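Below is one structure; the comments refer to it alone.
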Amino acid sequence: MTIVRLIDMPYGTKAVTALDGNGDYNVYINSRYDYETQKIAFEHEMIHINKNHFYSGGDVARNELEADRFTVADKHIM
């Protein structure tokens, strides 16, 4: 299951995902950003989930680049 919450976080942190004790994904989206930024941040986190980055044991930097690449490619930004 994926649980999504909007919360105040420091600027610079757009979203984070954490696994809870039940194995559910908890996606926290920074409420301080505008809707479009929140949407892209959510999609970025969903790529991590769909690519199984939390269980892959892969390199964090590589996982971030992969999620960024898919988010950017899907949105045709940058």
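Chain labels follow the order of the structure tokens: the first chain is A, the next B, and so on; residue numbering restarts at 1 in every chain, and ligands are counted from 1 in their shown order.
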Original post:
If you count only C-alpha atoms, which residues fall within 6 Å of Tyr28 (chain A), apart from same-chain ones fewer than 3 positions away, as a count of residues only?
Top reply: 5
Which residues are near Phe54 (chain A)? Cut-off 12 Å, only C-alpha atoms, ignore same chain within fewer than 4 positions. Put them as a short mmCIF file (atom, residue, chain, number, x, y, z; two decimals) with C-alpha atoms, in the first residue's frame.
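What follows is the written file out.cif:
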```cif
data_model
loop_
_atom_site.label_atom_id
_atom_site.label_comp_id
_atom_site.auth_asym_id
_atom_site.auth_seq_id
_atom_site.Cartn_x
_atom_site.Cartn_y
_atom_site.Cartn_z
CA VAL A 16 10.61 11.60 0.74
CA THR A 17 9.39 8.04 0.97
CA ALA A 18 9.81 5.72 3.93
CA LEU A 19 8.81 2.13 4.50
CA ASP A 20 6.86 1.43 7.68
CA GLY A 23 5.97 -2.76 4.43
CA ASP A 24 3.76 0.12 3.29
CA TYR A 25 5.28 3.07 1.45
CA ASN A 26 4.72 6.42 3.16
CA GLU A 45 8.81 9.01 -5.55
CA MET A 46 6.47 6.65 -7.40
CA ILE A 47 9.27 5.82 -9.83
CA HIS A 48 11.41 4.77 -6.86
CA ILE A 49 8.57 2.55 -5.68
CA ASN A 50 7.79 1.09 -9.12
CA GLY A 58 21.40 -0.43 -5.46
CA ASP A 59 23.46 2.72 -5.38
CA VAL A 60 21.37 5.63 -4.03
CA ASN A 63 18.56 5.38 -8.19
CA GLU A 64 18.09 9.15 -7.89
#
```
If you run DSSP on the backbone here, which positions in chain A get strand (DSSP E)? Please write them as a short mmCIF file (atom, residue, chain, number, x, y, z; two decimals) with C-alpha atoms, in the first residue's frame.
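The result, written out as part.cif:
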```cif
data_model
loop_
_atom_site.label_atom_id
_atom_site.label_comp_id
_atom_site.auth_asym_id
_atom_site.auth_seq_id
_atom_site.Cartn_x
_atom_site.Cartn_y
_atom_site.Cartn_z
CA THR A 2 1.12 3.57 -0.64
CA ILE A 3 0.10 6.31 1.79
CA VAL A 4 0.58 9.93 0.70
CA ARG A 5 0.69 12.90 3.04
CA LEU A 6 1.28 16.62 2.53
CA ILE A 7 3.43 18.02 5.32
CA ALA A 15 9.40 14.69 -1.08
CA VAL A 16 10.61 11.60 0.74
CA THR A 17 9.39 8.04 0.97
CA ALA A 18 9.81 5.72 3.93
CA LEU A 19 8.81 2.13 4.50
CA TYR A 25 5.28 3.07 1.45
CA ASN A 26 4.72 6.42 3.16
CA VAL A 27 5.22 9.26 0.69
CA TYR A 28 5.62 12.68 2.27
CA ILE A 29 5.18 15.62 -0.10
CA ASN A 30 6.32 19.10 0.94
#
```
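For the set A:Met9, A:Ser31, A:Ala67, A:Gly21, the residue with the smallest atom-to-atom gap to His44 (chain A) is A:Ala67, counting only C-alpha atoms.
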Subject >> Separation of CA of His53 (chain A) from CA of Pro10 (chain A) in Å >> reply: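 Separation of CA of Pro10 (chain A) and CA of His53 (chain A): 24.0 Å.
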Subject >> Interatomic distance, CA of Ser56 (chain A) to CA of Thr37 (chain A) (Å, one decimal) >> reply: 26.8 Å
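With distances restricted to only C-alpha atoms, A:Lys14 is the closest residue to Tyr35 (chain A) from A:Lys14, A:Phe70, A:Leu65, A:Gly57.
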Subject >> alpha helix (DSSP H) per DSSP on the backbone: members of chain A, as an NGL selection string >> reply: :A and (35-50 or 53-56 or 60-75)
